[in-house]
$ cat structure23.cif   # mmCIF, C-alpha atoms and all ligand atoms
data_upload
#
loop_
_atom_site.label_atom_id
_atom_site.label_comp_id
_atom_site.auth_asym_id
_atom_site.auth_seq_id
_atom_site.Cartn_x
_atom_site.Cartn_y
_atom_site.Cartn_z
CA MET J 151 83.44 126.78 -31.82
CA ILE J 152 80.54 128.44 -30.02
CA ASN J 153 78.17 126.21 -31.96
CA ALA J 154 80.12 123.14 -30.91
CA ILE J 155 79.71 124.08 -27.23
CA ASN J 156 75.97 124.67 -27.62
CA GLU J 157 75.57 121.38 -29.44
CA LEU J 158 77.43 119.58 -26.69
CA ARG J 159 75.08 121.17 -24.10
CA ALA J 160 71.99 120.05 -26.06
CA ALA J 161 73.33 116.50 -26.53
CA ALA J 162 74.29 116.19 -22.84
CA ILE J 163 70.87 117.38 -21.58
CA LYS J 164 69.03 115.08 -23.97
CA SER J 165 71.10 112.10 -22.96
CA LEU J 166 70.70 112.92 -19.25
CA ASP J 167 66.91 112.82 -19.64
CA ALA J 168 67.26 109.27 -20.92
CA ALA J 169 69.28 108.15 -17.89
CA VAL J 170 66.62 106.44 -15.78
CA ASP J 171 68.69 104.37 -13.36
CA PRO J 172 71.98 104.74 -11.47
CA SER J 173 74.01 102.73 -13.99
CA THR J 174 72.96 104.75 -17.08
CA LEU J 175 73.50 107.92 -15.04
CA GLU J 176 77.06 106.81 -14.28
CA GLN J 177 77.65 106.04 -17.94
CA TRP J 178 76.45 109.57 -18.73
CA ARG J 179 78.85 111.03 -16.17
CA ILE J 180 81.79 109.17 -17.74
CA GLU J 181 80.72 110.15 -21.26
CA PHE J 182 80.33 113.86 -20.59
CA LEU J 183 82.12 114.79 -17.37
CA GLY J 184 84.74 112.01 -17.18
CA SER J 185 88.49 112.73 -17.46
CA ASN J 186 88.39 111.53 -21.07
CA GLY J 187 84.85 112.79 -21.56
CA LYS J 188 83.35 115.09 -24.12
CA LEU J 189 83.62 118.23 -21.99
CA LYS J 190 87.36 117.70 -21.45
CA GLU J 191 87.73 117.06 -25.18
CA ALA J 192 85.94 120.32 -26.04
CA MET J 193 88.08 122.26 -23.59
CA ALA J 194 91.23 120.82 -25.11
CA ARG J 195 90.06 121.98 -28.49
CA LEU J 196 89.75 125.55 -27.16
CA LYS J 197 93.53 125.75 -27.16
CA SER J 198 93.53 125.86 -30.95
CA ALA J 199 90.90 128.62 -31.09
CA PRO J 200 91.90 132.12 -32.26
CA ARG J 201 93.39 134.08 -29.41
CA GLU J 202 90.72 136.86 -29.34
CA GLN J 203 87.91 134.27 -28.98
CA LYS J 204 89.56 132.41 -26.15
CA PRO J 205 88.19 134.43 -23.19
CA GLU J 206 84.59 134.18 -24.44
CA LEU J 207 84.90 130.46 -25.31
CA GLY J 208 86.56 129.75 -21.97
CA ARG J 209 83.66 131.43 -20.15
CA LEU J 210 81.09 129.44 -22.14
CA ALA J 211 82.89 126.17 -21.57
CA ASN J 212 83.10 126.83 -17.83
CA GLU J 213 79.43 127.70 -17.70
CA LEU J 214 78.65 124.45 -19.47
CA LYS J 215 80.78 122.50 -17.00
CA VAL J 216 78.99 124.04 -14.01
CA ALA J 217 75.58 123.49 -15.67
CA LEU J 218 76.27 119.82 -16.43
CA GLU J 219 77.65 119.14 -12.95
CA THR J 220 74.55 120.74 -11.42
CA GLU J 221 72.21 118.73 -13.63
CA PHE J 222 74.11 115.55 -12.79
CA ALA J 223 73.87 116.19 -9.01
CA ALA J 224 70.14 116.92 -9.30
CA ALA J 225 69.48 113.74 -11.31
CA LYS J 226 71.46 111.68 -8.79
CA SER J 227 69.60 113.01 -5.75
CA ARG J 228 66.26 112.51 -7.54
CA MET J 229 67.13 108.89 -8.08
CA SER J 230 68.13 108.14 -4.49
CA ALA J 231 65.09 109.96 -3.05
CA ASP J 232 62.78 108.10 -5.35
CA PRO J 233 63.89 104.46 -5.46
CA PRO J 234 62.34 102.41 -8.21
CA ALA J 235 58.99 100.89 -7.16
CA ALA J 236 59.36 97.33 -5.91
CA SER J 237 58.22 95.04 -8.61
CA VAL J 238 54.94 93.31 -7.84
CA ASP J 239 54.42 89.67 -8.61
CA VAL J 240 50.71 89.58 -9.31
CA THR J 241 50.68 85.79 -9.32
CA LEU J 242 51.54 85.56 -5.58
CA PRO J 243 48.62 84.78 -3.22
CA GLY J 244 47.24 87.86 -1.42
CA VAL J 245 47.69 88.63 2.26
CA ASP J 246 44.94 86.98 4.32
CA LEU J 247 43.47 89.75 6.46
CA GLY J 248 41.36 87.23 8.36
CA SER J 249 37.62 87.59 8.72
CA GLY J 250 35.87 88.07 12.04
CA SER J 251 33.06 85.93 13.32
CA ARG J 252 30.28 86.29 15.83
CA HIS J 253 31.34 86.01 19.47
CA ILE J 254 30.51 82.66 21.02
CA LEU J 255 28.18 84.37 23.54
CA THR J 256 26.28 86.19 20.78
CA ARG J 257 25.84 82.89 18.98
CA THR J 258 24.63 81.18 22.15
CA ILE J 259 22.13 83.99 22.79
CA ASP J 260 20.78 83.81 19.23
CA GLU J 261 20.41 80.01 19.40
CA ILE J 262 18.64 80.12 22.78
CA ILE J 263 16.23 82.83 21.62
CA GLU J 264 15.51 80.85 18.47
CA ALA J 265 14.69 77.76 20.52
CA PHE J 266 12.22 79.71 22.69
CA ALA J 267 10.76 81.53 19.68
CA ARG J 268 9.89 78.16 18.15
CA MET J 269 8.08 77.35 21.42
CA GLY J 270 5.87 80.43 21.00
CA PHE J 271 7.72 82.91 23.24
CA SER J 272 8.04 86.46 21.96
CA VAL J 273 11.03 88.65 22.81
CA ALA J 274 10.86 91.53 25.29
CA ASP J 275 13.50 93.74 26.85
CA GLY J 276 14.12 96.36 29.49
CA PRO J 277 16.76 98.88 30.58
CA GLU J 278 20.04 97.95 32.25
CA VAL J 279 19.83 100.97 34.55
CA GLU J 280 16.77 100.25 36.68
CA ASP J 281 14.88 101.79 39.55
CA GLU J 282 14.24 100.06 42.85
CA TRP J 283 10.59 99.41 41.97
CA HIS J 284 11.43 97.13 39.01
CA ASN J 285 14.54 95.52 40.51
CA PHE J 286 13.15 94.96 44.02
CA THR J 287 9.79 96.27 45.23
CA ALA J 288 7.54 94.89 42.49
CA LEU J 289 9.46 91.61 42.70
CA ASN J 290 8.41 91.22 46.34
CA ILE J 291 11.80 92.27 47.72
CA PRO J 292 10.71 94.81 50.37
CA GLU J 293 12.71 97.68 51.78
CA GLY J 294 15.32 96.49 54.27
CA HIS J 295 15.75 93.12 52.48
CA THR J 296 19.39 91.98 52.40
CA ALA J 297 19.28 91.75 48.57
CA ARG J 298 19.10 95.57 48.51
CA GLU J 299 22.33 96.11 50.42
CA ALA J 300 24.89 98.51 48.95
CA THR J 301 27.54 95.81 48.90
CA ASP J 302 25.40 93.52 46.69
CA ASN J 303 24.44 96.10 44.07
CA PHE J 304 25.87 98.77 41.81
CA TYR J 305 23.83 101.82 42.86
CA MET J 306 23.93 104.75 40.43
CA GLY J 307 22.65 107.55 42.66
CA GLU J 308 19.22 109.14 42.70
CA HIS J 309 17.18 110.63 39.89
CA ALA J 310 14.05 112.64 40.74
CA GLY J 311 14.03 111.12 44.22
CA ILE J 312 14.24 107.55 42.85
CA LYS J 313 17.29 105.40 43.58
CA ARG J 314 18.72 103.80 40.46
CA LEU J 315 21.02 100.83 40.03
CA LEU J 316 22.40 98.47 37.41
CA ARG J 317 19.89 95.62 37.31
CA THR J 318 21.04 92.50 39.14
CA GLN J 319 18.71 90.15 37.26
CA THR J 320 16.55 90.07 34.15
CA SER J 321 13.50 89.44 36.36
CA THR J 322 13.00 93.22 36.09
CA VAL J 323 11.67 92.56 32.58
CA GLN J 324 8.82 90.47 34.08
CA ILE J 325 7.52 93.69 35.61
CA ARG J 326 8.24 95.81 32.52
CA ALA J 327 6.39 93.33 30.30
CA LEU J 328 3.38 93.11 32.63
CA GLU J 329 3.19 96.91 32.82
CA ALA J 330 3.23 97.13 29.02
CA GLN J 331 0.98 94.23 27.98
CA LYS J 332 -2.18 92.58 29.14
CA PRO J 333 -2.07 88.85 29.80
CA PRO J 334 -2.07 86.19 28.54
CA LEU J 335 1.58 86.63 27.58
CA LYS J 336 4.58 84.48 26.93
CA ILE J 337 7.93 86.28 26.67
CA VAL J 338 11.65 85.76 26.95
CA ALA J 339 14.17 88.55 27.57
CA VAL J 340 17.95 88.33 27.28
CA GLY J 341 20.29 90.93 28.63
CA ARG J 342 23.21 91.99 30.76
CA VAL J 343 22.97 92.01 34.53
CA TYR J 344 25.50 93.32 37.05
CA ARG J 345 26.60 92.12 40.48
CA PRO J 346 29.64 93.07 42.56
CA ASP J 347 30.74 89.42 42.67
CA THR J 348 34.45 88.63 42.91
CA HIS J 349 35.75 87.39 39.56
CA ASP J 350 36.66 83.73 39.42
CA ALA J 351 36.31 80.87 36.94
CA THR J 352 32.49 80.86 37.19
CA HIS J 353 31.66 84.40 38.35
CA PHE J 354 31.89 87.73 36.58
CA SER J 355 30.53 91.13 37.67
CA MET J 356 28.64 91.52 34.38
CA PHE J 357 26.94 88.54 32.80
CA HIS J 358 23.85 87.63 30.78
CA GLN J 359 20.60 86.02 31.77
CA ILE J 360 17.59 84.83 29.84
CA GLU J 361 14.32 85.42 31.57
CA GLY J 362 11.12 83.61 30.68
CA LEU J 363 7.63 84.61 31.78
CA CYS J 364 4.30 83.05 30.95
CA ILE J 365 1.06 84.44 32.37
CA ASP J 366 -2.25 82.75 31.70
CA ARG J 367 -5.20 81.20 33.48
CA ALA J 368 -4.62 78.01 35.48
CA LEU J 369 -0.88 77.49 34.85
CA SER J 370 0.95 75.06 37.10
CA MET J 371 4.45 73.70 37.81
CA VAL J 372 3.69 71.09 35.12
CA ASP J 373 3.60 73.83 32.49
CA LEU J 374 6.86 75.28 33.82
CA LYS J 375 8.67 71.96 33.77
CA THR J 376 7.23 71.11 30.34
CA ALA J 377 8.57 74.40 28.92
CA LEU J 378 12.04 73.77 30.40
CA ILE J 379 12.12 70.19 29.11
CA GLN J 380 11.03 71.38 25.68
CA PHE J 381 13.79 74.01 25.65
CA ALA J 382 16.42 71.51 26.83
CA GLY J 383 15.38 69.11 24.06
CA ALA J 384 15.48 71.83 21.40
CA TYR J 385 18.79 73.29 22.51
CA PHE J 386 20.78 70.37 23.91
CA GLY J 387 19.20 67.49 22.00
CA LYS J 388 16.18 65.27 22.49
CA ASP J 389 17.82 63.16 25.22
CA ALA J 390 18.39 66.21 27.46
CA GLU J 391 17.00 65.90 30.98
CA VAL J 392 15.81 68.60 33.36
CA ARG J 393 15.86 68.43 37.15
CA MET J 394 14.39 70.85 39.68
CA ARG J 395 15.57 71.27 43.25
CA PRO J 396 13.52 73.18 45.84
CA SER J 397 14.85 76.69 46.39
CA PHE J 398 13.73 80.18 47.33
CA PHE J 399 13.20 83.40 45.38
CA PRO J 400 11.07 86.27 46.76
CA PHE J 401 9.16 86.59 43.45
CA THR J 402 8.19 82.92 42.94
CA GLU J 403 6.32 80.44 45.09
CA PRO J 404 7.13 77.61 44.96
CA SER J 405 10.69 78.14 43.70
CA ALA J 406 13.28 75.78 42.31
CA GLU J 407 16.81 75.64 40.92
CA VAL J 408 16.95 74.23 37.39
CA ASP J 409 19.62 71.75 36.41
CA MET J 410 20.04 70.26 32.97
CA LYS J 411 21.88 67.10 32.11
CA MET J 412 24.23 67.72 29.27
CA GLU J 413 27.37 66.38 27.73
CA VAL J 414 30.41 68.08 29.21
CA ARG J 415 33.60 67.01 27.42
CA GLY J 416 32.16 63.64 26.48
CA GLN J 417 30.47 62.98 29.83
CA LEU J 418 26.85 63.49 30.86
CA GLN J 419 26.63 65.83 33.85
CA TRP J 420 24.01 67.79 35.78
CA VAL J 421 24.66 71.50 35.36
CA GLU J 422 22.91 74.26 37.32
CA LEU J 423 21.47 76.78 34.92
CA GLY J 424 19.33 79.10 37.01
CA GLY J 425 16.17 79.56 39.01
CA CYS J 426 12.46 79.23 38.33
CA GLY J 427 9.07 79.00 39.95
CA MET J 428 5.41 80.03 39.93
CA VAL J 429 4.97 83.81 39.90
CA ASP J 430 4.25 84.94 43.47
CA PRO J 431 0.74 86.46 43.96
CA HIS J 432 2.40 89.63 45.37
CA VAL J 433 4.09 90.20 42.00
CA LEU J 434 0.79 89.83 40.12
CA GLN J 435 -0.82 92.31 42.53
CA ALA J 436 2.08 94.77 42.10
CA VAL J 437 1.19 95.07 38.40
CA GLY J 438 -2.55 95.16 39.02
CA LEU J 439 -3.44 91.58 38.15
CA ASP J 440 -5.87 89.49 40.22
CA PRO J 441 -4.02 86.37 41.47
CA GLU J 442 -7.38 84.58 41.65
CA GLU J 443 -7.74 84.95 37.90
CA TRP J 444 -4.15 84.89 36.64
CA SER J 445 -1.25 82.57 37.27
CA GLY J 446 2.22 82.39 35.82
CA TYR J 447 5.58 80.71 35.73
CA ALA J 448 9.00 82.31 35.33
CA PHE J 449 12.59 81.24 34.96
CA GLY J 450 15.97 82.94 34.76
CA LEU J 451 19.01 81.13 33.35
CA GLY J 452 22.68 82.17 33.22
CA ILE J 453 23.82 82.38 29.59
CA GLU J 454 27.57 82.24 30.27
CA ARG J 455 27.15 79.05 32.27
CA ILE J 456 25.18 77.47 29.42
CA ALA J 457 27.81 78.47 26.83
CA MET J 458 30.66 77.31 29.09
CA ARG J 459 29.13 73.92 29.61
CA ARG J 460 28.09 73.47 26.04
CA TYR J 461 31.46 74.43 24.54
CA GLY J 462 33.75 73.18 27.31
CA ILE J 463 34.95 76.66 28.33
CA ALA J 464 36.65 76.29 31.71
CA ASP J 465 36.85 79.95 32.73
CA ILE J 466 34.15 82.63 32.35
CA ARG J 467 36.82 85.36 32.16
CA TRP J 468 37.99 84.04 28.79
CA LEU J 469 34.66 85.19 27.34
CA TYR J 470 35.59 88.81 28.12
CA GLU J 471 39.33 88.95 27.46
CA ASN J 472 39.01 89.20 23.67
CA ASP J 473 42.04 87.02 23.10
CA ALA J 474 41.85 86.14 19.40
CA ARG J 475 43.44 82.73 20.07
CA PHE J 476 40.41 81.88 22.24
CA LEU J 477 37.78 83.52 20.04
CA ARG J 478 39.05 81.85 16.86
CA GLN J 479 38.19 78.40 18.23
CA PHE J 480 34.45 78.89 17.80
C1 LIG J 501 18.24 84.85 39.66
O1 LIG J 501 18.91 85.79 39.20
C2 LIG J 501 16.76 84.83 39.49
N1 LIG J 501 16.31 86.10 38.96
C3 LIG J 501 16.35 83.67 38.60
C4 LIG J 501 14.85 83.44 38.56
C5 LIG J 501 14.09 84.00 37.55
C6 LIG J 501 14.24 82.69 39.55
C7 LIG J 501 12.71 83.79 37.51
C8 LIG J 501 12.86 82.47 39.52
C9 LIG J 501 12.10 83.03 38.49
P1 LIG J 501 20.32 83.53 40.53
O2 LIG J 501 20.86 84.63 41.37
O3 LIG J 501 20.44 82.16 41.07
O4 LIG J 501 18.79 83.73 40.18
O5 LIG J 501 21.05 83.59 39.12
C10 LIG J 501 20.63 82.79 38.04
C11 LIG J 501 21.82 82.25 37.27
O6 LIG J 501 22.67 83.32 36.87
C12 LIG J 501 22.74 81.35 38.07
O7 LIG J 501 22.24 80.05 38.14
C13 LIG J 501 23.99 81.41 37.26
O8 LIG J 501 23.88 80.57 36.11
C14 LIG J 501 24.01 82.83 36.79
N2 LIG J 501 24.89 83.67 37.62
C15 LIG J 501 24.67 84.18 38.84
N3 LIG J 501 25.71 84.92 39.28
C16 LIG J 501 26.63 84.90 38.29
C17 LIG J 501 27.93 85.51 38.09
N4 LIG J 501 28.49 86.30 38.99
N5 LIG J 501 28.58 85.24 36.93
C18 LIG J 501 28.03 84.47 35.99
N6 LIG J 501 26.82 83.89 36.08
C19 LIG J 501 26.12 84.10 37.22
#
$ encode --input "structure23.cif" --output "C-alpha cells" --more "lines below"
Ligand code: FA5
Amino acid sequence: MINAINELRAAAIKSLDAAVDPSTLEQWRIEFLGSNGKLKEAMARLKSAPREQKPELGRLANELKVALETEFAAAKSRMSADPPAASVDVTLPGVDLGSGSRHILTRTIDEIIEAFARMGFSVADGPEVEDEWHNFTALNIPEGHTAREATDNFYMGEHAGIKRLLRTQTSTVQIRALEAQKPPLKIVAVGRVYRPDTHDATHFSMFHQIEGLCIDRALSMVDLKTALIQFAGAYFGKDAEVRMRPSFFPFTEPSAEVDMKMEVRGQLQWVELGGCGMVDPHVLQAVGLDPEEWSGYAFGLGIERIAMRRYGIADIRWLYENDARFLRQF
C-alpha cells in the first residue's frame, strides 16, 4: 500500500512536468486531483487496508494530497505569469523605422559652397561670438554708429575689457581671413549670424549667410558682377540673371544690393539675396593693407532666403520647427 502511494506520487510529478499549457494542466488536475481521480481512488482503497496500518497510510495519503495541490497551484501560477511567447511570422515585412536625411538648409549650404569652390574660392570661417573690432570697428562701423545699438545686437558682456556679441553678419570673417592670410585671396565663409529681429515669414533671429571676399590687385565692380553671375549660373542654371541696385554698407564703396532672377513656383522673379560692393579702403587699412596696392570685392547673401526661393518655402520659421512632415518633403 505504501508503495502504491509512492508510485502515485512519482507518476503525478512526472506527468505534471509534461503539462506545458493550461489545457494539459487541467487534464492533469482531473486525472490526479479530480473527484474521480487517482488520488481519490487510492484513498478509497485505504479502507480495505489492515486496521493497524490505517493511521500511517492516512497520513501519507494526506501528505500526498497537499503536495500535489501545492505543485498544481505552482504550475498554474507559473503559466499565467509567463504566457507563451507570441508566435512570430518571419515572412511578414519588417517595421520601417524610416531613415533620416540631410536638412534642406544643410543641403543648400553644401551646394552653394560647391558652386563657389568650383569657381576657385576656398573656405574660411570665424567664431559666432565676436568682439567689437571684428563685427564693427574693422568693418568701418565706428563707435556711436547706430548699428552698434544694444537693441540691434545680442551683446554677451565683456571679457578682458572687450565687449563681445553674437556676430550680426559673416562680414566678420573678411577681417579674420585678412588677419590670417596675405593677399591675394579668394574665400567664402558660411555661418550663423544673429539679430534681434522680430520673427515673421522672412525674418528669424538666427540665420545663415555666405560671405565672399576676393582681394587682389586692380579688381573692379566688373569682377564682382562676373563672380555673382557665374555663381547664379552654376547654382540656379545658365539662364540665371543678376541685378545690382545701388545701396550702402559701411565696409564697401560703392555698395549694391544683389538680386537674382529665378524660378519661383513656375514663374521667373527677381529675388533679393544680399549685399555686395568693393571693399572700402578703411577696411584694407584696418588690416594693414595699402589701398593703393590692393583692391577687393565682397558679398554677403542670406542662405535661408535662397533656399526658400529655390524650394518654394513660404515661411522661414518652418526651417527651424523640425516638423517631420515638412522636412520629409525634401
Ligand atoms: C549684410 O549683412 C552685409 N554684411 C552683406 C554684405 C557683405 C554687403 C559684403 C557688402 C559686402 P544685410 O543686412 O542686407 O547685409 O543682410 C544680407 C542678407 O541676409 C539679406 O539680404 C537677407 O537675405 C538676409 N537676412 C537679413 N536679415 C535676416 C533675417 N532676420 N532673417 C533671415 N535672413 C535675413
$ atom_distance --input "structure23.cif" --atom1 "atom CA of J:Ile379" --atom2 "atom CA of J:Pro400"
23.9 Å
$ residues_near_ligand --input "structure23.cif" --ligand "ligand LIG 501 (chain J)" --cutoff "6 Å" --atoms "all atoms listed in the file" --output "PyMOL selection string"
chain J and resi 319+321+347+352-355+357+399+402+422-427+448-452+455
$ write_last_selection --input "structure23.cif" --atoms "C-alpha atoms" --output "tab-separated table (two decimals), in the coordinates of the input"
chain	number	residue	atom	x	y	z
J	319	GLN	CA	18.71	90.15	37.26
J	321	SER	CA	13.50	89.44	36.36
J	347	ASP	CA	30.74	89.42	42.67
J	352	THR	CA	32.49	80.86	37.19
J	353	HIS	CA	31.66	84.40	38.35
J	354	PHE	CA	31.89	87.73	36.58
J	355	SER	CA	30.53	91.13	37.67
J	357	PHE	CA	26.94	88.54	32.80
J	399	PHE	CA	13.20	83.40	45.38
J	402	THR	CA	8.19	82.92	42.94
J	422	GLU	CA	22.91	74.26	37.32
J	423	LEU	CA	21.47	76.78	34.92
J	424	GLY	CA	19.33	79.10	37.01
J	425	GLY	CA	16.17	79.56	39.01
J	426	CYS	CA	12.46	79.23	38.33
J	427	GLY	CA	9.07	79.00	39.95
J	448	ALA	CA	9.00	82.31	35.33
J	449	PHE	CA	12.59	81.24	34.96
J	450	GLY	CA	15.97	82.94	34.76
J	451	LEU	CA	19.01	81.13	33.35
J	452	GLY	CA	22.68	82.17	33.22
J	455	ARG	CA	27.15	79.05	32.27
$ closest_residue --input "structure23.cif" --among "J:Ser445, J:Thr301, J:Thr241, J:Thr296" --to "J:Asp373" --atoms "all atoms listed in the file"
J:Ser445
$ atom_distance --input "structure23.cif" --atom1 "atom CA of J:Ala351" --atom2 "atom CA of J:Ile466"
5.4 Å
$ atom_distance --input "structure23.cif" --atom1 "atom CA of J:Val238" --atom2 "atom CA of J:Ala224"
28.1 Å
